[in-house]
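S.K.: Just one file: my_file.tsv, with TSV, C-alpha atoms.
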chain	number	residue	atom	x	y	z
F	1	MET	CA	-11.27	20.01	20.33
F	2	MET	CA	-11.61	18.57	16.83
F	3	ARG	CA	-7.85	18.75	16.17
F	4	GLU	CA	-7.09	16.62	19.24
F	5	LYS	CA	-9.70	14.04	18.22
F	6	VAL	CA	-8.37	13.84	14.64
F	7	ALA	CA	-4.76	13.63	15.87
F	8	GLN	CA	-5.72	10.80	18.25
F	9	LEU	CA	-7.53	8.88	15.48
F	10	LEU	CA	-4.60	9.45	13.11
F	11	LYS	CA	-2.12	8.17	15.70
F	12	SER	CA	-4.25	5.07	16.14
F	13	ALA	CA	-4.33	4.46	12.37
F	14	LEU	CA	-0.56	4.94	12.07
F	15	ASP	CA	0.04	2.58	15.02
F	16	GLU	CA	-1.69	-0.13	12.98
F	17	ASN	CA	0.76	0.34	10.09
F	18	LYS	CA	4.20	1.19	11.51
F	19	SER	CA	5.71	1.75	8.04
F	20	LEU	CA	3.55	4.87	7.56
F	21	PHE	CA	4.34	8.23	9.13
F	22	LEU	CA	2.73	11.66	9.19
F	23	ILE	CA	4.16	14.51	7.12
F	24	ASP	CA	1.42	17.06	7.74
F	25	LEU	CA	-1.98	17.41	9.39
F	26	ASN	CA	-3.88	20.56	8.53
F	27	ILE	CA	-7.39	21.46	9.66
F	28	SER	CA	-8.80	24.68	8.24
F	29	GLU	CA	-11.28	26.95	10.01
F	30	ASP	CA	-14.14	25.40	8.03
F	31	ASN	CA	-13.06	21.87	9.14
F	32	GLN	CA	-11.34	20.75	5.95
F	33	ILE	CA	-9.01	18.02	7.20
F	34	ARG	CA	-5.91	17.38	5.08
F	35	VAL	CA	-3.55	14.54	6.00
F	36	ILE	CA	-0.28	13.95	4.13
F	37	LEU	CA	1.44	10.61	4.72
F	38	ASP	CA	4.67	8.96	3.69
F	39	GLY	CA	5.88	5.43	4.21
F	40	ASP	CA	9.15	3.56	4.48
F	41	SER	CA	8.18	1.60	1.37
F	42	GLY	CA	5.83	4.15	-0.14
F	43	VAL	CA	2.12	4.75	0.40
F	44	THR	CA	-0.55	2.79	-1.45
F	45	VAL	CA	-4.10	3.84	-2.20
F	46	GLU	CA	-5.20	1.15	0.26
F	47	ASP	CA	-3.07	2.80	2.97
F	48	CYS	CA	-4.79	6.15	2.35
F	49	ILE	CA	-8.21	4.49	2.40
F	50	ALA	CA	-7.48	2.71	5.70
F	51	VAL	CA	-6.33	5.93	7.39
F	52	SER	CA	-9.26	7.86	5.93
F	53	ARG	CA	-11.75	5.28	7.23
F	54	GLN	CA	-10.13	5.25	10.67
F	55	ILE	CA	-10.67	9.00	10.94
F	56	GLU	CA	-14.00	9.36	9.12
F	57	HIS	CA	-15.80	6.45	10.81
F	58	ASN	CA	-14.86	7.70	14.27
F	59	LEU	CA	-15.81	11.37	13.88
F	60	ASP	CA	-19.43	12.23	14.54
F	61	ARG	CA	-20.96	14.07	11.55
F	62	GLU	CA	-23.63	15.38	13.93
F	63	GLU	CA	-20.95	17.07	16.02
F	64	TYR	CA	-18.56	18.15	13.25
F	65	ASP	CA	-19.25	19.11	9.66
F	66	PHE	CA	-15.97	18.24	7.91
F	67	SER	CA	-14.31	17.17	4.69
F	68	LEU	CA	-11.38	14.77	4.73
F	69	GLU	CA	-8.50	14.34	2.32
F	70	VAL	CA	-5.79	11.73	2.94
F	71	MET	CA	-2.89	11.61	0.48
F	72	SER	CA	0.68	10.50	0.08
F	73	ALA	CA	3.56	12.95	-0.11
F	74	GLY	CA	4.13	13.48	-3.82
F	75	ILE	CA	7.45	12.73	-5.45
F	76	SER	CA	7.79	16.43	-6.29
F	77	GLU	CA	7.39	17.44	-2.65
F	78	PRO	CA	10.53	18.37	-0.71
F	79	LEU	CA	11.83	16.02	1.98
F	80	THR	CA	11.05	17.31	5.46
F	81	MET	CA	11.95	14.54	7.92
F	82	PRO	CA	15.02	12.38	8.60
F	83	ARG	CA	12.89	9.27	8.03
F	84	GLN	CA	12.23	10.44	4.44
F	85	TYR	CA	15.96	10.84	3.80
F	86	LYS	CA	16.63	7.33	5.15
F	87	LYS	CA	14.09	5.74	2.81
F	88	ASN	CA	15.67	7.50	-0.19
F	89	ILE	CA	19.25	6.29	0.32
F	90	GLY	CA	20.70	5.37	-3.09
F	91	ARG	CA	18.59	7.93	-4.96
F	92	THR	CA	19.72	11.24	-6.43
F	93	LEU	CA	18.79	14.36	-4.46
F	94	LYS	CA	18.92	18.02	-5.40
F	95	ILE	CA	19.60	20.10	-2.30
F	96	ARG	CA	19.58	23.86	-1.79
F	97	THR	CA	21.34	24.96	1.39
F	98	LYS	CA	20.65	28.03	3.52
F	99	ASN	CA	23.79	29.56	1.94
F	100	ASP	CA	22.02	29.15	-1.45
F	101	GLU	CA	24.51	26.47	-2.49
F	102	LYS	CA	23.06	23.85	-4.83
F	103	ILE	CA	24.24	20.25	-4.63
F	104	GLU	CA	23.02	17.31	-6.67
F	105	GLY	CA	24.28	13.86	-5.80
F	106	GLU	CA	23.52	10.37	-4.60
F	107	LEU	CA	22.27	10.12	-1.03
F	108	THR	CA	24.66	7.61	0.56
F	109	THR	CA	23.85	7.89	4.28
F	110	ALA	CA	21.24	9.53	6.50
F	111	ASN	CA	20.78	9.66	10.26
F	112	GLU	CA	18.74	11.80	12.65
F	113	GLU	CA	20.97	14.90	12.28
F	114	SER	CA	22.44	14.89	8.76
F	115	CYS	CA	22.75	13.25	5.36
F	116	THR	CA	25.70	12.58	3.06
F	117	LEU	CA	25.73	13.06	-0.71
F	118	THR	CA	28.38	11.92	-3.20
F	119	TRP	CA	28.81	13.08	-6.79
F	120	THR	CA	31.45	13.40	-9.49
F	121	ALA	CA	32.73	16.76	-10.69
F	122	ARG	CA	35.18	18.02	-13.30
F	123	GLU	CA	37.93	20.19	-11.83
F	124	PRO	CA	41.07	21.77	-13.25
F	125	LYS	CA	44.19	19.61	-12.99
F	126	PRO	CA	46.51	20.62	-10.15
F	127	VAL	CA	49.35	20.87	-12.69
F	128	GLY	CA	48.97	21.57	-16.38
F	129	LYS	CA	45.99	22.18	-18.60
F	130	GLY	CA	42.76	20.26	-18.73
F	131	LYS	CA	40.38	18.84	-16.21
F	132	ILE	CA	40.09	15.67	-14.18
F	133	THR	CA	37.05	13.90	-12.78
F	134	VAL	CA	36.99	13.82	-8.99
F	135	GLN	CA	34.65	12.18	-6.50
F	136	LYS	CA	33.10	14.70	-4.08
F	137	GLU	CA	31.26	14.13	-0.82
F	138	ALA	CA	29.35	16.46	1.49
F	139	THR	CA	27.71	15.80	4.83
F	140	LEU	CA	24.90	18.28	5.40
F	141	PRO	CA	23.09	18.84	8.70
F	142	TYR	CA	19.32	19.01	8.11
F	143	LYS	CA	19.23	22.43	9.81
F	144	ASP	CA	21.39	23.80	6.95
F	145	ILE	CA	19.11	22.46	4.20
F	146	MET	CA	16.51	24.82	2.76
F	147	GLU	CA	15.02	22.31	0.34
F	148	ALA	CA	15.77	18.73	-0.72
F	149	LYS	CA	14.00	16.96	-3.56
F	150	VAL	CA	14.35	13.51	-5.02
F	151	MET	CA	15.35	13.69	-8.69
F	152	ILE	CA	13.30	11.46	-10.95
F	153	THR	CA	15.29	9.63	-13.62
F	154	PHE	CA	13.81	7.71	-16.53
What would you get if you wrote out this structure as structure tokens?

M.R.:
Amino acid sequence: MMREKVAQLLKSALDENKSLFLIDLNISEDNQIRVILDGDSGVTVEDCIAVSRQIEHNLDREEYDFSLEVMSAGISEPLTMPRQYKKNIGRTLKIRTKNDEKIEGELTTANEESCTLTWTAREPKPVGKGKITVQKEATLPYKDIMEAKVMITF
């Protein structure tokens, strides 16, 4: 019963700010509510406060004893939704596939089914000794990705 009420309140809060979207909603057995959000242009503290108030002010403390935590998806968290890939176009991702292949490159495109990375690599020359720099590209369906993280560069 509580989960449905929280989900309804959360949907209402997200409808007010269309740039935000839900990554995870977890309610433990002892009613610890944990909401993880992301946004097309990031998530501010004010966004978290607004969502938290929407939920907290509309749940009856007499009926439910609960704790509430609303947070943004951290930069170190893996990407889980196509919408997260789309907002990170132009950034460097490190991807591990289900075949345990590791690819690090710039995210150039993303749609509902897959994303495309480009990167440069050094490969042996086709003829003769030495290596040449080549541009590589891979289109990866999300179902083949085990983990994708945004690489932070300073």

S.K.: Could you check how far CA of Lys136 in chain F sits from CA of Leu117 in chain F, in Å to one decimal?

M.R.: 8.3 Å

S.K.: Rank F:Lys11, F:Leu79, F:Met2, F:Asp38 by their smallest atom-to-atom distance to Arg61 in chain F, using all atoms listed in the file, and report the top residue only.

M.R.: F:Met2

S.K.: If we count all atoms listed in the file, what is near Thr92 in chain F at a cut-off of 12 Å, once residues fewer than 4 positions away on the same chain are taken out, given as a ChimeraX atom specification?

M.R.: /F:85,88,103-109,116-119,148-153

S.K.: When you count all atoms listed in the file, which of these residues is closest to Val70 in chain F: F:Ser41, F:Ile36, F:Arg83, F:Arg91?

M.R.: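 Closest residue, counting all atoms listed in the file: F:Ile36.
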
S.K.: Which one of F:Gln54, F:Thr97, F:Ser114, F:Ser67 sits closest to Leu14 in chain F if you count all atoms listed in the file?

M.R.: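 Under the stated criterion, the closest residue is F:Gln54.
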
S.K.: Have a look at F:Ile89, F:Val127, F:Ile145, F:Ile33 and name the one nearest to Lys102 in chain F; count all atoms listed in the file.

M.R.: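 Checking each candidate against Lys102 in chain F, we get F:Ile145 as the closest.
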
S.K.: Which residues come within 12 Å of Ile55 in chain F, counting only C-alpha atoms, excluding same-chain residues fewer than 6 positions away, as a PyMOL selection string?

M.R.: chain F and resi 2-14+33-35+48-49+61+66-70

S.K.: Select, from F:Ile132, F:Ala138, F:Leu20, F:Ala121, the residue with the minimum atom-to-atom distance to Glu46 in chain F, counting all atoms listed in the file.

M.R.: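 Counting all atoms listed in the file, the residue closest to Glu46 in chain F is F:Leu20.
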
S.K.: Please report the interatomic distance between CA of Thr80 in chain F and CA of Asn111 in chain F in Å with one decimal.

M.R.: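 Here the two named atoms are 13.3 Å from each other.
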
S.K.: Around all of range 60-75 of chain F's listed atoms, make the axis-aligned box with 6 Å on each side and tell me centre and edge lengths in Å to one decimal, as lines of an AutoDock Vina configuration file.

M.R.:
center_x = -8.1
center_y = 14.8
center_z = 5.3
size_x = 43.1
size_y = 20.6
size_z = 33.5

S.K.: Kindly give the distance, in Å, that separates CA of Val45 in chain F and CA of Leu22 in chain F, rounded to a single decimal.

M.R.: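 Separation of CA of Val45 in chain F and CA of Leu22 in chain F: 15.4 Å.
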
S.K.: Leu37 in chain F: which residues within 8 Å, counting only C-alpha atoms, same-chain residues fewer than 6 positions away excluded, as a list in words?

M.R.: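 Everything that qualifies: Leu20, Phe21, Leu22, Ile23, Asp24, Val43, Val70, Met71, Ser72 and Ala73 of chain F.
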
S.K.: In terms of the shortest atom-to-atom distance over only C-alpha atoms, which of F:Glu101, F:Glu112, F:Glu62, F:Asp40 is closest to Gln84 in chain F?

M.R.: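 Comparing F:Glu101, F:Glu112, F:Glu62, F:Asp40 against Gln84 in chain F, the winner is F:Asp40.
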
S.K.: Since the input is missing atoms, can you rebuild N, CA and C atoms for range 69-90 of chain F and write them as a PDB file, in the frame of the given file?

M.R.:
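Output below, filename part_27.pdb:
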ATOM      1  N   GLU F  69      -9.359  14.690   3.444  1.00  0.00           N
ATOM      2  CA  GLU F  69      -8.500  14.340   2.320  1.00  0.00           C
ATOM      3  C   GLU F  69      -7.239  13.689   2.891  1.00  0.00           C
ATOM      4  N   VAL F  70      -6.988  12.444   2.509  1.00  0.00           N
ATOM      5  CA  VAL F  70      -5.790  11.730   2.940  1.00  0.00           C
ATOM      6  C   VAL F  70      -4.991  11.400   1.690  1.00  0.00           C
ATOM      7  N   MET F  71      -3.717  11.816   1.679  1.00  0.00           N
ATOM      8  CA  MET F  71      -2.890  11.610   0.480  1.00  0.00           C
ATOM      9  C   MET F  71      -1.459  11.281   0.851  1.00  0.00           C
ATOM     10  N   SER F  72      -0.739  10.779  -0.124  1.00  0.00           N
ATOM     11  CA  SER F  72       0.680  10.500   0.080  1.00  0.00           C
ATOM     12  C   SER F  72       1.481  11.735  -0.320  1.00  0.00           C
ATOM     13  N   ALA F  73       2.654  11.853   0.267  1.00  0.00           N
ATOM     14  CA  ALA F  73       3.560  12.950  -0.110  1.00  0.00           C
ATOM     15  C   ALA F  73       3.981  12.685  -1.549  1.00  0.00           C
ATOM     16  N   GLY F  74       3.784  13.649  -2.413  1.00  0.00           N
ATOM     17  CA  GLY F  74       4.130  13.480  -3.820  1.00  0.00           C
ATOM     18  C   GLY F  74       5.631  13.443  -4.036  1.00  0.00           C
ATOM     19  N   ILE F  75       6.035  12.849  -5.134  1.00  0.00           N
ATOM     20  CA  ILE F  75       7.450  12.730  -5.450  1.00  0.00           C
ATOM     21  C   ILE F  75       8.069  14.111  -5.670  1.00  0.00           C
ATOM     22  N   SER F  76       7.263  15.085  -6.049  1.00  0.00           N
ATOM     23  CA  SER F  76       7.790  16.430  -6.290  1.00  0.00           C
ATOM     24  C   SER F  76       7.877  17.259  -5.011  1.00  0.00           C
ATOM     25  N   GLU F  77       7.352  16.715  -3.919  1.00  0.00           N
ATOM     26  CA  GLU F  77       7.390  17.440  -2.650  1.00  0.00           C
ATOM     27  C   GLU F  77       8.776  17.338  -2.024  1.00  0.00           C
ATOM     28  N   PRO F  78       9.224  18.422  -1.380  1.00  0.00           N
ATOM     29  CA  PRO F  78      10.530  18.370  -0.710  1.00  0.00           C
ATOM     30  C   PRO F  78      10.524  17.417   0.487  1.00  0.00           C
ATOM     31  N   LEU F  79      11.684  16.878   0.798  1.00  0.00           N
ATOM     32  CA  LEU F  79      11.830  16.020   1.980  1.00  0.00           C
ATOM     33  C   LEU F  79      11.831  16.915   3.211  1.00  0.00           C
ATOM     34  N   THR F  80      11.156  16.477   4.259  1.00  0.00           N
ATOM     35  CA  THR F  80      11.050  17.310   5.460  1.00  0.00           C
ATOM     36  C   THR F  80      11.505  16.615   6.733  1.00  0.00           C
ATOM     37  N   MET F  81      11.624  15.275   6.697  1.00  0.00           N
ATOM     38  CA  MET F  81      11.950  14.540   7.920  1.00  0.00           C
ATOM     39  C   MET F  81      13.124  13.590   7.689  1.00  0.00           C
ATOM     40  N   PRO F  82      13.923  13.338   8.734  1.00  0.00           N
ATOM     41  CA  PRO F  82      15.020  12.380   8.600  1.00  0.00           C
ATOM     42  C   PRO F  82      14.567  11.013   8.082  1.00  0.00           C
ATOM     43  N   ARG F  83      13.396  10.582   8.463  1.00  0.00           N
ATOM     44  CA  ARG F  83      12.890   9.270   8.030  1.00  0.00           C
ATOM     45  C   ARG F  83      12.711   9.237   6.506  1.00  0.00           C
ATOM     46  N   GLN F  84      12.371  10.380   5.898  1.00  0.00           N
ATOM     47  CA  GLN F  84      12.230  10.440   4.440  1.00  0.00           C
ATOM     48  C   GLN F  84      13.594  10.327   3.767  1.00  0.00           C
ATOM     49  N   TYR F  85      14.610  10.944   4.366  1.00  0.00           N
ATOM     50  CA  TYR F  85      15.960  10.840   3.800  1.00  0.00           C
ATOM     51  C   TYR F  85      16.417   9.387   3.849  1.00  0.00           C
ATOM     52  N   LYS F  86      16.188   8.719   4.976  1.00  0.00           N
ATOM     53  CA  LYS F  86      16.630   7.330   5.150  1.00  0.00           C
ATOM     54  C   LYS F  86      16.015   6.415   4.099  1.00  0.00           C
ATOM     55  N   LYS F  87      14.741   6.622   3.776  1.00  0.00           N
ATOM     56  CA  LYS F  87      14.090   5.740   2.810  1.00  0.00           C
ATOM     57  C   LYS F  87      14.541   6.014   1.377  1.00  0.00           C
ATOM     58  N   ASN F  88      15.213   7.142   1.152  1.00  0.00           N
ATOM     59  CA  ASN F  88      15.670   7.500  -0.190  1.00  0.00           C
ATOM     60  C   ASN F  88      17.166   7.301  -0.406  1.00  0.00           C
ATOM     61  N   ILE F  89      17.825   6.578   0.498  1.00  0.00           N
ATOM     62  CA  ILE F  89      19.250   6.290   0.320  1.00  0.00           C
ATOM     63  C   ILE F  89      19.434   5.542  -1.006  1.00  0.00           C
ATOM     64  N   GLY F  90      20.440   5.966  -1.778  1.00  0.00           N
ATOM     65  CA  GLY F  90      20.700   5.370  -3.090  1.00  0.00           C
ATOM     66  C   GLY F  90      20.085   6.154  -4.232  1.00  0.00           C
TER      67      GLY F  90
END
